[in-house]
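**Q** Below is a structure I'd like to ask you about.
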Amino acid sequence: MRFLQLDHEVCEELLPGLADRLADVPFDELESPASPAIALFKEYGGTNLLVPRDYGGIGASALDAVRVIRALASLAPSLAVATAMHHFSVGMLFSVGPLYESGTSIHTSVLDVVAKNRSLIASGYAEGRSGHGILTPTVEARETAGGYLVSGSKKPCSLSRSMDLLTASVALPAPDGDTGMGLLVLPSDTPGISVHEFWSTFPLAGAESHEVRLTDVFARAEHVLRAPANAAEKLDELNEAGVIWFQMIVAASYTGVASALVDLVLRDRRGSAGERARLCLLIESAASLVEGVARRIMDGDLGNDCAAASLFTRFSVQDIITRAVSQAVEMLGGMAFITSPRIACLASAAQAVVFHPPSRMSMSEAVVDYYTGKPLLFS
């Protein structure tokens with residue numbers, strides 16, 4: 001068994017040919033703003049990885065999905081990060097049926113479109129906004145004749161230039177004058193949706209993580225799913241499921257990025273056998289933690305305890321990644337770092353795992369409360 005062999009075998013089984021095509025592209029090109037990686041991902045059907053087979057998708061299990069994500073991230077970090085929210089959005093769309101009274105038709109039609117057209121979904125959820133839950137609305141809607149006018153922005157928003165659909169949680173006016181929450185799904189070419197430069201650092205430059213603005217975007221009523229007034233408990237369940245999938249996908253992605261550095265150490269036989277073995281065991285422990293969350297999902301465990309476990313897994317994985325990256329870079333040596341921009345790019349990209357919400361600092365009190373018997377609350 002070679003390092004990353006299982007992950008690449010699963011990737012080849014579900015998305016045949018994609019890994020080889022990515023490997024043929026120079027790394028600096030894959031990680032550039034003009035990267036062909038997203039287009040290749042779409043061409044080889046990666047968009048359908050988590051779309052259920054009933055809708056014409058690949059229907060990968062959570063376990064197979066994290067293995068595919070790790071393999072792709074080891075080859076093209078920007079691609080893995082860019083498509084993380086696509087996978088998350090597919091999962092959320094599949095989950096809305098039981099929650100939204102009118103959800104069945106739209107979530108069915110969107111999943112059908114994604115499967116048929118290999119559409120990419122960009123996410124306008126609150127990921128990236130400090131102090132907000134993942135599903136906290138970033139845009140607001142006001143009622144108008146025949147639908148809503150929607151305004152707001154999301155930055156950064158991965159897949160901003162390649163997206164076919166934009167999905168977002170949206171703040172909706174409620175009949176009692178309060179504000180409710182809904183789910184918005186719109187074609188990316190809808191008038192009023194615009195993309196603006198935002199990402200200005202070199203790591204993950206190929207993820208197309210720019211700002212997406214919505215300025216008085218007209219959305220017909222059928223494009224907005226309004227949560228029923230009595231849906232508070234279901235919303236909590238949906239939020240917990242969202243946290244689980246999000247943390248798992250993020251952890252798998254960055255484990256893959258760090259794995260690319262470990263692979264370089266192994267290929268170049270850097271350091272002693274003992275040092276290489278410790279490095280392998282370190283990053284494989286991260287992969288095993290991620291796979292543990294995937295197995296809980298497959299067992300139907302999507303409650304608060306699993307949401308807590310997924311978050312704690314991501315916190316543990318980010319610590320492991322920090323250690324593994326530091327050790328790998330040191331073992332590769334100064335001359336390799338100086339002469340290979342790939343090493344600096346991988347090392348910098350891997351550290352971005354700490355920026356995904358919620359942060360460890362913001363969750364400190366919630367973690368302590370959880371271990372005194374309270375449900376884990378996500379801010």
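Naming works like this for the structure tokens: A, B, ... for the chains as they're shown, residue 1 at the start of each chain, ligands 1 onward in shown order.
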Taking the DSSP assignment computed from this structure's backbone, write out as a VMD selection string all residues of stretch 203-366 of chain A that belong to helix (DSSP H, G or I).
**A** chain A and resid 205 to 207 221 to 223 232 to 268 273 to 298 304 to 332 334 to 339 341 to 355 364 to 366
**Q** Can you pull out every residue within 8 Å of stretch 54-59 of chain A, counting only C-alpha atoms, but drop anything in the same chain fewer than 4 positions away, and send it as a list in words?
**A**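 Neighbouring residues, sequence-local ones excluded: Leu14, Asn48, Leu49, Leu50, Thr108, Leu111, Asp112, Ala115 and Lys116 of chain A.
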**Q** Which residues in stretch 152-356 of chain A does DSSP call strand (DSSP E)? List them as a ChimeraX atom specification.
**A** /A:152-157,165-173,179-187,193-196,210-220,224-226
**Q** Please report, as JSON lines, each residue of stretch 168-260 of chain A lying at most 7 Å from stretch 308-315 of chain A, together with the nearest pair of atoms and the separation in Å rounded to one decimal; use only C-alpha atoms, and order rows by chain and ascending residue number.
**A**
```
{"residue": "A:Ile244", "atom": "CA", "partner": "A:Ser310", "partner_atom": "CA", "distance": 5.4}
{"residue": "A:Gln247", "atom": "CA", "partner": "A:Ser310", "partner_atom": "CA", "distance": 5.9}
{"residue": "A:Met248", "atom": "CA", "partner": "A:Ser310", "partner_atom": "CA", "distance": 6.4}
{"residue": "A:Ala251", "atom": "CA", "partner": "A:Arg314", "partner_atom": "CA", "distance": 5.5}
```
**Q** Have a look at A:Leu279, A:Met363, A:Ala307, A:Cys345 and name the one nearest to A:Ala324; count only C-alpha atoms.
**A**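 Using only C-alpha atoms, the shortest distance to A:Ala324 belongs to A:Leu279.
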**Q** For a quick check of understanding, using only C-alpha atoms, which of A:Gln5, A:Thr339, A:Ser348, A:Ser123 has the smallest distance to A:Phe246?
**A**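 Among the listed residues, the smallest separation from A:Phe246 belongs to A:Ser123.
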**Q** Rank nothing, just name the residue among A:Glu13, A:Glu237, A:Asp319, A:Glu211 nearest to A:Phe198, using only C-alpha atoms.
**A**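 Selected residue with least distance to A:Phe198: A:Glu211.
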**Q** Go through A:Ala205, A:Val317, A:Ala76, A:Cys157 one by one, measure the shortest atom-to-atom distance of each to A:Val250 using only C-alpha atoms, and give the residue with the smallest value.
**A**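 Distance minimum relative to A:Val250 lands on A:Val317.
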**Q** Excluding same-chain residues fewer than 2 positions from A:Val139, what lies within 12 Å of it counting only C-alpha atoms, as a PDB file with C-alpha atoms, in the first residue's frame?
**A**
```pdb
ATOM      1  CA  SER A 123     -22.527  29.243  -1.717  1.00  0.00           C
ATOM      2  CA  GLY A 124     -23.709  32.505  -0.219  1.00  0.00           C
ATOM      3  CA  TYR A 125     -23.975  31.092   3.297  1.00  0.00           C
ATOM      4  CA  ALA A 126     -22.222  32.848   6.187  1.00  0.00           C
ATOM      5  CA  LEU A 135     -26.420  29.136   7.785  1.00  0.00           C
ATOM      6  CA  THR A 136     -26.756  32.722   9.021  1.00  0.00           C
ATOM      7  CA  PRO A 137     -28.173  34.797   6.128  1.00  0.00           C
ATOM      8  CA  ALA A 141     -35.076  39.901   0.710  1.00  0.00           C
ATOM      9  CA  ARG A 142     -38.006  42.279   0.575  1.00  0.00           C
ATOM     10  CA  TYR A 148     -38.644  39.235  -3.821  1.00  0.00           C
ATOM     11  CA  LEU A 149     -35.869  41.762  -4.357  1.00  0.00           C
ATOM     12  CA  VAL A 150     -32.686  40.374  -2.833  1.00  0.00           C
ATOM     13  CA  SER A 151     -29.613  42.381  -1.831  1.00  0.00           C
ATOM     14  CA  GLY A 152     -26.387  41.609   0.009  1.00  0.00           C
ATOM     15  CA  SER A 153     -22.949  40.175  -0.596  1.00  0.00           C
ATOM     16  CA  LYS A 154     -20.710  37.217   0.197  1.00  0.00           C
ATOM     17  CA  LYS A 155     -16.953  37.521   0.387  1.00  0.00           C
ATOM     18  CA  LEU A 166     -25.890  30.543  -6.439  1.00  0.00           C
ATOM     19  CA  THR A 167     -27.499  29.268  -3.271  1.00  0.00           C
ATOM     20  CA  ALA A 168     -27.739  31.211  -0.036  1.00  0.00           C
ATOM     21  CA  SER A 169     -29.610  31.514   3.193  1.00  0.00           C
ATOM     22  CA  VAL A 170     -31.740  34.655   3.057  1.00  0.00           C
ATOM     23  CA  ALA A 171     -33.439  36.815   5.667  1.00  0.00           C
ATOM     24  CA  LEU A 172     -37.144  37.042   4.826  1.00  0.00           C
ATOM     25  CA  MET A 181     -35.033  32.475   7.182  1.00  0.00           C
ATOM     26  CA  GLY A 182     -35.290  30.955   3.738  1.00  0.00           C
ATOM     27  CA  LEU A 183     -33.158  29.300   1.119  1.00  0.00           C
ATOM     28  CA  LEU A 184     -32.447  31.047  -2.173  1.00  0.00           C
ATOM     29  CA  ILE A 193     -25.602  39.308  -9.530  1.00  0.00           C
ATOM     30  CA  VAL A 212     -20.391  38.078  -5.087  1.00  0.00           C
ATOM     31  CA  ARG A 213     -22.870  40.952  -4.790  1.00  0.00           C
ATOM     32  CA  LEU A 214     -26.624  40.856  -5.173  1.00  0.00           C
ATOM     33  CA  THR A 215     -28.154  44.234  -5.937  1.00  0.00           C
ATOM     34  CA  ASP A 216     -31.957  44.261  -6.085  1.00  0.00           C
ATOM     35  CA  VAL A 217     -31.937  40.812  -7.671  1.00  0.00           C
TER      36      VAL A 217
END
```
**Q** Under the rule that only C-alpha atoms are counted, which of A:Ser316, A:Ser78, A:Thr322, A:Ser61 is the nearest residue to A:Ala207?
**A** A:Ser78
